[in-house]
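Everything below belongs to target34.txt, which stores compact mmCIF, C-alpha atoms.
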# COMPACT_ATOMS: atom_id res chain seq x y z
CA MET A 1 8.40 -34.77 142.53
CA SER A 2 11.44 -34.24 140.27
CA SER A 3 12.52 -30.86 138.92
CA VAL A 4 11.53 -32.03 135.41
CA ASP A 5 8.00 -32.87 136.55
CA GLU A 6 7.77 -29.54 138.35
CA ALA A 7 8.86 -27.79 135.15
CA LEU A 8 6.19 -29.64 133.18
CA ILE A 9 3.43 -28.32 135.44
CA ASP A 10 4.86 -24.82 135.80
CA GLN A 11 1.87 -23.37 134.03
CA SER A 12 -1.13 -21.21 134.73
CA PRO A 13 -4.00 -23.37 136.06
CA ARG A 14 -5.86 -22.60 132.85
CA THR A 15 -3.02 -23.78 130.62
CA PRO A 16 -2.94 -27.44 129.53
CA VAL A 17 0.12 -29.26 130.86
CA ARG A 18 1.08 -30.67 127.46
CA PRO A 19 0.11 -30.35 123.81
CA GLY A 20 -2.96 -32.45 123.08
CA TRP A 21 -4.73 -33.89 120.06
CA PRO A 22 -5.81 -30.46 118.72
CA GLU A 23 -2.20 -29.23 118.74
CA LEU A 24 -0.85 -32.41 117.17
CA GLY A 25 -3.56 -32.56 114.51
CA VAL A 26 -3.26 -28.96 113.39
CA ALA A 27 0.56 -29.18 113.44
CA VAL A 28 0.61 -32.26 111.20
CA LEU A 29 -1.92 -30.76 108.78
CA THR A 30 -0.06 -27.45 108.59
CA PHE A 31 3.27 -29.23 108.13
CA VAL A 32 1.97 -31.36 105.25
CA ILE A 33 0.42 -28.34 103.51
CA LEU A 34 3.61 -26.28 103.83
CA ILE A 35 5.79 -29.16 102.61
CA LEU A 36 3.54 -29.58 99.56
CA ILE A 37 3.73 -25.86 98.82
CA GLY A 38 7.50 -26.02 99.16
CA GLY A 39 7.62 -29.02 96.83
CA VAL A 40 5.70 -27.12 94.16
CA ILE A 41 8.11 -24.18 94.52
CA GLY A 42 11.03 -26.59 94.16
CA LEU A 43 9.61 -28.05 90.95
CA LYS A 44 9.31 -24.55 89.48
CA LEU A 45 12.83 -23.50 90.52
CA PRO A 46 14.67 -22.33 87.36
CA ALA A 47 17.85 -24.19 86.46
CA ASP A 48 19.82 -20.91 86.60
CA SER A 49 18.36 -19.80 89.93
CA PRO A 50 20.91 -18.33 92.40
CA ILE A 51 19.23 -20.46 95.09
CA SER A 52 20.34 -24.07 94.84
CA LEU A 53 17.95 -26.99 95.34
CA GLY A 54 19.84 -27.92 98.50
CA HIS A 55 19.39 -24.46 100.00
CA LEU A 56 15.72 -24.41 99.07
CA ASN A 57 15.15 -27.83 100.62
CA PHE A 58 16.83 -26.71 103.84
CA LEU A 59 14.71 -23.56 103.86
CA ILE A 60 11.52 -25.60 103.46
CA SER A 61 12.68 -28.12 106.07
CA GLY A 62 13.08 -25.29 108.56
CA LEU A 63 10.12 -23.06 107.79
CA ALA A 64 7.48 -25.79 107.34
CA PRO A 65 7.85 -27.28 110.84
CA LEU A 66 8.25 -23.82 112.36
CA GLY A 67 4.97 -22.79 110.77
CA ALA A 68 3.33 -25.98 112.07
CA PHE A 69 4.71 -25.29 115.55
CA ALA A 70 3.44 -21.70 115.53
CA VAL A 71 -0.08 -22.78 114.56
CA ALA A 72 -0.02 -25.49 117.25
CA VAL A 73 0.91 -22.94 119.90
CA LEU A 74 -1.64 -20.36 118.81
CA ILE A 75 -4.65 -22.63 118.30
CA ARG A 76 -5.38 -23.12 122.00
CA ILE A 77 -2.52 -23.00 124.50
CA ARG A 78 -0.85 -19.74 123.45
CA ASP A 79 2.12 -20.41 125.69
CA VAL A 80 5.43 -21.90 124.53
CA ARG A 81 6.37 -23.43 127.90
CA PRO A 82 4.23 -26.58 127.48
CA PHE A 83 6.19 -27.17 124.27
CA GLY A 84 9.50 -27.23 126.13
CA MET A 85 10.64 -23.65 125.57
CA ARG A 86 11.94 -23.00 129.05
CA ARG A 87 15.20 -21.69 130.46
CA VAL A 88 17.79 -24.38 131.10
CA HIS A 89 21.10 -24.61 132.96
CA PRO A 90 24.05 -23.91 130.61
CA GLY A 91 25.51 -27.27 131.57
CA TRP A 92 22.79 -28.96 129.55
CA LEU A 93 23.85 -27.03 126.45
CA LEU A 94 27.46 -28.15 126.89
CA ALA A 95 26.28 -31.74 127.38
CA ALA A 96 24.20 -31.40 124.20
CA ILE A 97 27.31 -30.41 122.21
CA ALA A 98 29.17 -33.49 123.47
CA ILE A 99 26.19 -35.75 122.69
CA ALA A 100 25.91 -34.30 119.18
CA LEU A 101 29.59 -34.95 118.47
CA ALA A 102 29.16 -38.52 119.73
CA CYS A 103 26.23 -38.97 117.33
CA PHE A 104 28.35 -37.55 114.52
CA ALA A 105 31.11 -40.07 115.29
CA LEU A 106 28.52 -42.86 115.29
CA SER A 107 27.28 -41.86 111.85
CA TRP A 108 30.23 -43.58 110.12
CA PRO A 109 29.80 -47.07 111.61
CA ILE A 110 26.03 -46.80 111.28
CA SER A 111 26.36 -45.83 107.62
CA ALA A 112 28.80 -48.67 107.01
CA ILE A 113 26.25 -51.13 108.38
CA VAL A 114 23.04 -49.82 106.80
CA ASP A 115 24.17 -48.38 103.43
CA PRO A 116 24.23 -51.80 101.68
CA PHE A 117 20.53 -52.19 102.53
CA PHE A 118 19.61 -48.94 100.75
CA PRO A 119 21.44 -48.95 97.39
CA GLY A 120 21.23 -45.66 95.54
CA SER A 121 19.85 -43.68 98.47
CA GLU A 122 23.00 -41.53 98.65
CA ALA A 123 21.54 -39.51 95.77
CA VAL A 124 18.95 -38.09 98.20
CA GLN A 125 21.71 -36.19 100.02
CA GLU A 126 23.53 -34.99 96.90
CA PRO A 127 21.75 -31.57 96.64
CA TYR A 128 22.74 -30.81 100.23
CA ARG A 129 26.35 -31.88 99.71
CA GLU A 130 26.58 -29.92 96.49
CA ALA A 131 25.36 -26.82 98.33
CA ALA A 132 28.08 -27.32 100.96
CA ARG A 133 30.80 -27.75 98.32
CA SER A 134 29.92 -24.78 96.09
CA GLY A 135 32.19 -22.17 97.65
CA VAL A 136 32.53 -20.31 100.92
CA LEU A 137 29.32 -18.26 100.64
CA SER A 138 27.31 -21.33 99.69
CA LEU A 139 28.79 -23.24 102.64
CA VAL A 140 27.90 -20.40 105.03
CA ALA A 141 24.35 -20.35 103.67
CA THR A 142 24.17 -24.15 103.96
CA VAL A 143 25.22 -24.09 107.62
CA ALA A 144 22.84 -21.21 108.38
CA LEU A 145 19.89 -22.96 106.73
CA GLY A 146 20.65 -26.63 107.32
CA GLY A 147 22.69 -26.35 110.48
CA VAL A 148 20.60 -23.77 112.33
CA LEU A 149 17.19 -23.09 110.78
CA THR A 150 16.27 -26.67 109.90
CA PRO A 151 17.16 -28.10 113.35
CA ILE A 152 15.23 -25.33 115.12
CA GLY A 153 12.16 -26.00 113.00
CA GLU A 154 12.34 -29.80 113.16
CA GLU A 155 12.93 -29.87 116.92
CA ALA A 156 10.07 -27.43 117.50
CA LEU A 157 7.76 -29.86 115.71
CA PHE A 158 9.12 -33.32 116.51
CA ARG A 159 10.15 -32.68 120.10
CA GLY A 160 8.23 -29.53 121.01
CA VAL A 161 4.86 -30.77 119.76
CA LEU A 162 5.14 -34.51 119.10
CA ALA A 163 7.38 -35.72 121.95
CA ASN A 164 5.64 -33.54 124.54
CA PHE A 165 2.31 -34.90 123.29
CA LEU A 166 3.57 -38.49 123.62
CA PHE A 167 5.04 -38.02 127.12
CA ARG A 168 1.54 -38.47 128.54
CA TRP A 169 2.08 -42.22 127.91
CA GLY A 170 5.48 -42.29 129.56
CA PRO A 171 8.99 -40.94 128.93
CA TRP A 172 10.16 -43.83 126.76
CA ILE A 173 7.10 -43.64 124.53
CA GLY A 174 7.77 -39.96 124.00
CA VAL A 175 11.47 -40.39 123.32
CA ILE A 176 11.40 -43.54 121.17
CA VAL A 177 8.22 -42.96 119.16
CA SER A 178 9.06 -39.35 118.34
CA ALA A 179 12.56 -40.48 117.26
CA ALA A 180 11.08 -43.24 115.09
CA ILE A 181 8.68 -40.84 113.37
CA PHE A 182 11.52 -38.34 112.96
CA GLY A 183 13.62 -41.03 111.29
CA VAL A 184 10.87 -42.12 108.91
CA ALA A 185 10.16 -38.46 108.06
CA HIS A 186 13.65 -38.35 106.52
CA GLY A 187 12.61 -41.08 104.08
CA ILE A 188 13.12 -44.82 103.84
CA ASN A 189 16.79 -44.57 102.99
CA SER A 190 20.25 -44.75 104.54
CA ILE A 191 19.66 -41.49 106.46
CA MET A 192 16.76 -42.95 108.46
CA PRO A 193 18.83 -44.92 111.04
CA ILE A 194 21.13 -42.05 112.00
CA ALA A 195 18.16 -39.66 112.05
CA PHE A 196 16.57 -42.07 114.54
CA VAL A 197 19.73 -41.96 116.69
CA VAL A 198 19.83 -38.15 116.64
CA GLY A 199 16.10 -38.13 117.46
CA LEU A 200 16.73 -40.41 120.45
CA ALA A 201 19.49 -38.13 121.72
CA ALA A 202 17.34 -35.02 121.29
CA GLY A 203 14.36 -36.66 122.98
CA LEU A 204 16.44 -37.79 125.95
CA VAL A 205 17.92 -34.37 126.64
CA LEU A 206 14.46 -32.83 126.27
CA ARG A 207 13.02 -35.22 128.83
CA LEU A 208 15.92 -35.03 131.27
CA SER A 209 16.39 -31.25 131.12
CA GLY A 210 12.74 -30.30 130.74
CA SER A 211 13.72 -27.88 127.96
CA ILE A 212 13.80 -28.08 124.18
CA TRP A 213 16.93 -25.90 123.86
CA PRO A 214 19.44 -28.75 124.49
CA ALA A 215 17.57 -30.86 121.91
CA MET A 216 17.97 -28.06 119.38
CA VAL A 217 21.69 -27.80 120.21
CA VAL A 218 22.15 -31.55 119.64
CA HIS A 219 20.52 -31.27 116.23
CA MET A 220 22.27 -28.04 115.24
CA VAL A 221 25.76 -29.26 116.15
CA TYR A 222 25.21 -32.62 114.42
CA ASN A 223 23.92 -31.05 111.20
CA SER A 224 26.55 -28.30 111.16
CA ALA A 225 29.38 -30.77 111.72
CA GLY A 226 28.20 -32.84 108.77
CA MET A 227 27.92 -29.85 106.47
CA LEU A 228 31.33 -28.49 107.43
CA TYR A 229 32.83 -31.95 106.90
CA HIS A 230 31.38 -32.21 103.40
CA GLY A 231 32.21 -28.59 102.64
CA ILE A 232 35.91 -28.91 103.38
CA SER A 233 36.49 -32.55 102.38
Give the structure from this file in structure tokens form.
Amino acid sequence: MSSVDEALIDQSPRTPVRPGWPELGVAVLTFVILILIGGVIGLKLPADSPISLGHLNFLISGLAPLGAFAVAVLIRIRDVRPFGMRRVHPGWLLAAIAIALACFALSWPISAIVDPFFPGSEAVQEPYREAARSGVLSLVATVALGGVLTPIGEEALFRGVLANFLFRWGPWIGVIVSAAIFGVAHGINSIMPIAFVVGLAAGLVLRLSGSIWPAMVVHMVYNSAGMLYHGIS
């Protein structure tokens, strides 16, 4: 038995090995409800609000999946280890940084290939880019929200709940299907393909390390690099 498999069953005998249908169902329902609530708040955001639409969207994108994850943990299992929150060797975190930078480098050729198929979809990212370009404090807030909070929340849901749920049908099902759903969740636009690639990278390091922390690092470094690039360019 591999160390990853041993980590997956390092539970109390009364604790389910992985998230099941109850966890997935309640997580999806909670996520949808919180996203809808956030959308209503966004529609009511005053034009002169000190919080930009980009910052608000990042806040919602982080808190909604975190809320869904919390409900999924509490409904039955009440233990974060089956969701991948386990200690990991620091080498995996360094590898995650390198993988994230590789994904960031790939984003340019991927965009060059897919952008012509999604005309006008660049407007979807404009609130985020505007938040990154609106001064030093706004850039710091953008990195904190979009580069740290959002990746933590999205990885907790898409890898912590969804991928670990799907691993019961094999590692590649868990990695590929969770990455595909993650990509589609970003909308049918030019962002979807690179989101799929980042999802693949996060899923692979989750499966190989047995921990969600390297997956979060991949996502955080990728997002932060993009925001810093747009903020200083």
To one decimal place in Å, what is the distance between atom CA of A:Ile33 and atom CA of A:Leu56?
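A separation of 16.4 Å between them.
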Taking all atoms listed in the file into account, which of A:Ala47, A:Val197, A:Val161, A:Ala131 comes nearest A:Ala68?
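Among the listed residues, the smallest separation from A:Ala68 belongs to A:Val161.
Distance check against A:Val184 using all atoms listed in the file: of A:Pro214, A:Phe158, A:Met220, A:Trp108, the minimum falls on A:Phe158.
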Centre and edge lengths of an axis-aligned box around all listed atoms of stretch 21-40 of chain A, with 4 Å added on each side, are to be given in Å to one decimal, as JSON.
{"center_x": 0.9, "center_y": -29.9, "center_z": 107.1, "size_x": 21.4, "size_y": 16.0, "size_z": 33.9}
| request: Quote the spacing between atom CA of A:Phe83 and atom CA of A:Ser61 in Å to one decimal place. | output: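 We find that atom CA of A:Phe83 and atom CA of A:Ser61 lie 19.3 Å from each other.
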Residues near A:Leu157, anyone? I mean within 7 Å using all atoms listed in the file, not counting same-chain ones fewer than 3 positions away, as a PyMOL selection string. chain A and resi 65-66+68-69+153-154+160-162
Got time to write the residues from that selection, C-alpha atoms, as an mmCIF file, keeping the file's coordinate frame?
data_model
loop_
_atom_site.group_PDB
_atom_site.id
_atom_site.type_symbol
_atom_site.label_atom_id
_atom_site.label_comp_id
_atom_site.auth_asym_id
_atom_site.auth_seq_id
_atom_site.Cartn_x
_atom_site.Cartn_y
_atom_site.Cartn_z
ATOM 1 C CA PRO A 65 7.850 -27.280 110.840
ATOM 2 C CA LEU A 66 8.250 -23.820 112.360
ATOM 3 C CA ALA A 68 3.330 -25.980 112.070
ATOM 4 C CA PHE A 69 4.710 -25.290 115.550
ATOM 5 C CA GLY A 153 12.160 -26.000 113.000
ATOM 6 C CA GLU A 154 12.340 -29.800 113.160
ATOM 7 C CA GLY A 160 8.230 -29.530 121.010
ATOM 8 C CA VAL A 161 4.860 -30.770 119.760
ATOM 9 C CA LEU A 162 5.140 -34.510 119.100
#
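Between A:Ala141 and the residues A:Thr30, A:Ser190, A:Ser107, A:Ser224, the shortest atom-to-atom distance, using only C-alpha atoms, involves A:Ser224.
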Note to self: If I take atom CA of A:Val40 and atom CA of A:Gly54, how far is one from the other in Å, to one decimal?
What the structure shows: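 Atom-to-atom, atom CA of A:Val40 and atom CA of A:Gly54 are spaced 14.8 Å apart.
Comparing the minimum interatomic distances between A:Ile194 and each of A:Ala180, A:Ile110, A:Leu93, A:Ala225, counting only C-alpha atoms, we find that A:Ile110 sits nearest.
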Selection near A:Ala102, 12 Å with only C-alpha atoms, sequence-local residues under 2 positions removed, as a tab-separated table (two decimals) with C-alpha atoms, keeping the file's coordinate frame:
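The resulting file, out.tsv, is shown below:
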chain	number	residue	atom	x	y	z
A	95	ALA	CA	26.28	-31.74	127.38
A	96	ALA	CA	24.20	-31.40	124.20
A	97	ILE	CA	27.31	-30.41	122.21
A	98	ALA	CA	29.17	-33.49	123.47
A	99	ILE	CA	26.19	-35.75	122.69
A	100	ALA	CA	25.91	-34.30	119.18
A	104	PHE	CA	28.35	-37.55	114.52
A	105	ALA	CA	31.11	-40.07	115.29
A	106	LEU	CA	28.52	-42.86	115.29
A	107	SER	CA	27.28	-41.86	111.85
A	108	TRP	CA	30.23	-43.58	110.12
A	109	PRO	CA	29.80	-47.07	111.61
A	194	ILE	CA	21.13	-42.05	112.00
A	197	VAL	CA	19.73	-41.96	116.69
A	198	VAL	CA	19.83	-38.15	116.64
A	201	ALA	CA	19.49	-38.13	121.72
A	218	VAL	CA	22.15	-31.55	119.64
A	219	HIS	CA	20.52	-31.27	116.23
A	221	VAL	CA	25.76	-29.26	116.15
A	222	TYR	CA	25.21	-32.62	114.42
A	225	ALA	CA	29.38	-30.77	111.72
Skipping near chain neighbours, those fewer than 6 positions away, what residues fall within 8 Å of A:Gly62 using all atoms listed in the file, listed as a ChimeraX atom specification?
-> /A:145-146,149-154
Mind writing stretch 132-143 of chain A to a file for me, with all heavy atoms, as an mmCIF file, in the first residue's frame?
data_model
loop_
_atom_site.group_PDB
_atom_site.id
_atom_site.type_symbol
_atom_site.label_atom_id
_atom_site.label_comp_id
_atom_site.auth_asym_id
_atom_site.auth_seq_id
_atom_site.Cartn_x
_atom_site.Cartn_y
_atom_site.Cartn_z
ATOM 1 N N ALA A 132 -6.818 45.411 -9.767
ATOM 2 C CA ALA A 132 -5.366 45.268 -9.633
ATOM 3 C C ALA A 132 -4.623 46.529 -10.056
ATOM 4 O O ALA A 132 -3.508 46.780 -9.598
ATOM 5 C CB ALA A 132 -4.888 44.077 -10.453
ATOM 6 N N ARG A 133 -5.234 47.334 -10.916
ATOM 7 C CA ARG A 133 -4.554 48.505 -11.475
ATOM 8 C C ARG A 133 -4.912 49.810 -10.775
ATOM 9 O O ARG A 133 -4.485 50.879 -11.208
ATOM 10 C CB ARG A 133 -4.910 48.644 -12.960
ATOM 11 C CG ARG A 133 -4.394 47.511 -13.830
ATOM 12 C CD ARG A 133 -5.039 47.573 -15.196
ATOM 13 N NE ARG A 133 -4.566 46.526 -16.092
ATOM 14 C CZ ARG A 133 -5.196 46.131 -17.188
ATOM 15 N NH1 ARG A 133 -6.342 46.730 -17.529
ATOM 16 N NH2 ARG A 133 -4.708 45.164 -17.941
ATOM 17 N N SER A 134 -5.694 49.748 -9.707
ATOM 18 C CA SER A 134 -6.227 50.969 -9.090
ATOM 19 C C SER A 134 -5.416 51.442 -7.891
ATOM 20 O O SER A 134 -5.968 51.934 -6.913
ATOM 21 C CB SER A 134 -7.684 50.742 -8.671
ATOM 22 O OG SER A 134 -8.486 50.441 -9.787
ATOM 23 N N GLY A 135 -4.117 51.300 -7.952
ATOM 24 C CA GLY A 135 -3.265 51.779 -6.875
ATOM 25 C C GLY A 135 -2.713 50.647 -6.017
ATOM 26 O O GLY A 135 -3.150 49.494 -6.092
ATOM 27 N N VAL A 136 -1.761 51.023 -5.164
ATOM 28 C CA VAL A 136 -1.050 50.025 -4.364
ATOM 29 C C VAL A 136 -1.989 49.323 -3.380
ATOM 30 O O VAL A 136 -1.981 48.090 -3.263
ATOM 31 C CB VAL A 136 0.121 50.678 -3.596
ATOM 32 C CG1 VAL A 136 0.774 49.662 -2.647
ATOM 33 C CG2 VAL A 136 1.152 51.225 -4.573
ATOM 34 N N LEU A 137 -2.806 50.092 -2.664
ATOM 35 C CA LEU A 137 -3.702 49.482 -1.680
ATOM 36 C C LEU A 137 -4.708 48.557 -2.352
ATOM 37 O O LEU A 137 -5.024 47.475 -1.841
ATOM 38 C CB LEU A 137 -4.422 50.559 -0.874
ATOM 39 C CG LEU A 137 -3.571 51.374 0.099
ATOM 40 C CD1 LEU A 137 -4.412 52.427 0.805
ATOM 41 C CD2 LEU A 137 -2.918 50.455 1.132
ATOM 42 N N SER A 138 -5.209 48.976 -3.497
ATOM 43 C CA SER A 138 -6.163 48.138 -4.225
ATOM 44 C C SER A 138 -5.488 46.855 -4.710
ATOM 45 O O SER A 138 -6.087 45.779 -4.668
ATOM 46 C CB SER A 138 -6.740 48.908 -5.411
ATOM 47 O OG SER A 138 -7.713 48.132 -6.080
ATOM 48 N N LEU A 139 -4.234 46.968 -5.153
ATOM 49 C CA LEU A 139 -3.500 45.779 -5.598
ATOM 50 C C LEU A 139 -3.264 44.823 -4.439
ATOM 51 O O LEU A 139 -3.426 43.597 -4.591
ATOM 52 C CB LEU A 139 -2.165 46.192 -6.220
ATOM 53 C CG LEU A 139 -1.247 45.039 -6.667
ATOM 54 C CD1 LEU A 139 -1.933 44.159 -7.701
ATOM 55 C CD2 LEU A 139 0.065 45.589 -7.213
ATOM 56 N N VAL A 140 -2.904 45.361 -3.274
ATOM 57 C CA VAL A 140 -2.703 44.514 -2.088
ATOM 58 C C VAL A 140 -3.994 43.791 -1.727
ATOM 59 O O VAL A 140 -3.995 42.587 -1.438
ATOM 60 C CB VAL A 140 -2.199 45.357 -0.897
ATOM 61 C CG1 VAL A 140 -2.225 44.534 0.392
ATOM 62 C CG2 VAL A 140 -0.794 45.868 -1.167
ATOM 63 N N ALA A 141 -5.114 44.532 -1.746
ATOM 64 C CA ALA A 141 -6.405 43.917 -1.449
ATOM 65 C C ALA A 141 -6.759 42.865 -2.494
ATOM 66 O O ALA A 141 -7.314 41.802 -2.161
ATOM 67 C CB ALA A 141 -7.495 44.988 -1.378
ATOM 68 N N THR A 142 -6.436 43.142 -3.757
ATOM 69 C CA THR A 142 -6.730 42.193 -4.833
ATOM 70 C C THR A 142 -5.963 40.893 -4.645
ATOM 71 O O THR A 142 -6.514 39.802 -4.797
ATOM 72 C CB THR A 142 -6.376 42.812 -6.205
ATOM 73 O OG1 THR A 142 -7.144 44.005 -6.379
ATOM 74 C CG2 THR A 142 -6.685 41.852 -7.332
ATOM 75 N N VAL A 143 -4.675 40.996 -4.302
ATOM 76 C CA VAL A 143 -3.868 39.795 -4.074
ATOM 77 C C VAL A 143 -4.360 39.039 -2.849
ATOM 78 O O VAL A 143 -4.439 37.801 -2.849
ATOM 79 C CB VAL A 143 -2.378 40.164 -3.936
ATOM 80 C CG1 VAL A 143 -1.552 38.950 -3.523
ATOM 81 C CG2 VAL A 143 -1.848 40.741 -5.245
#
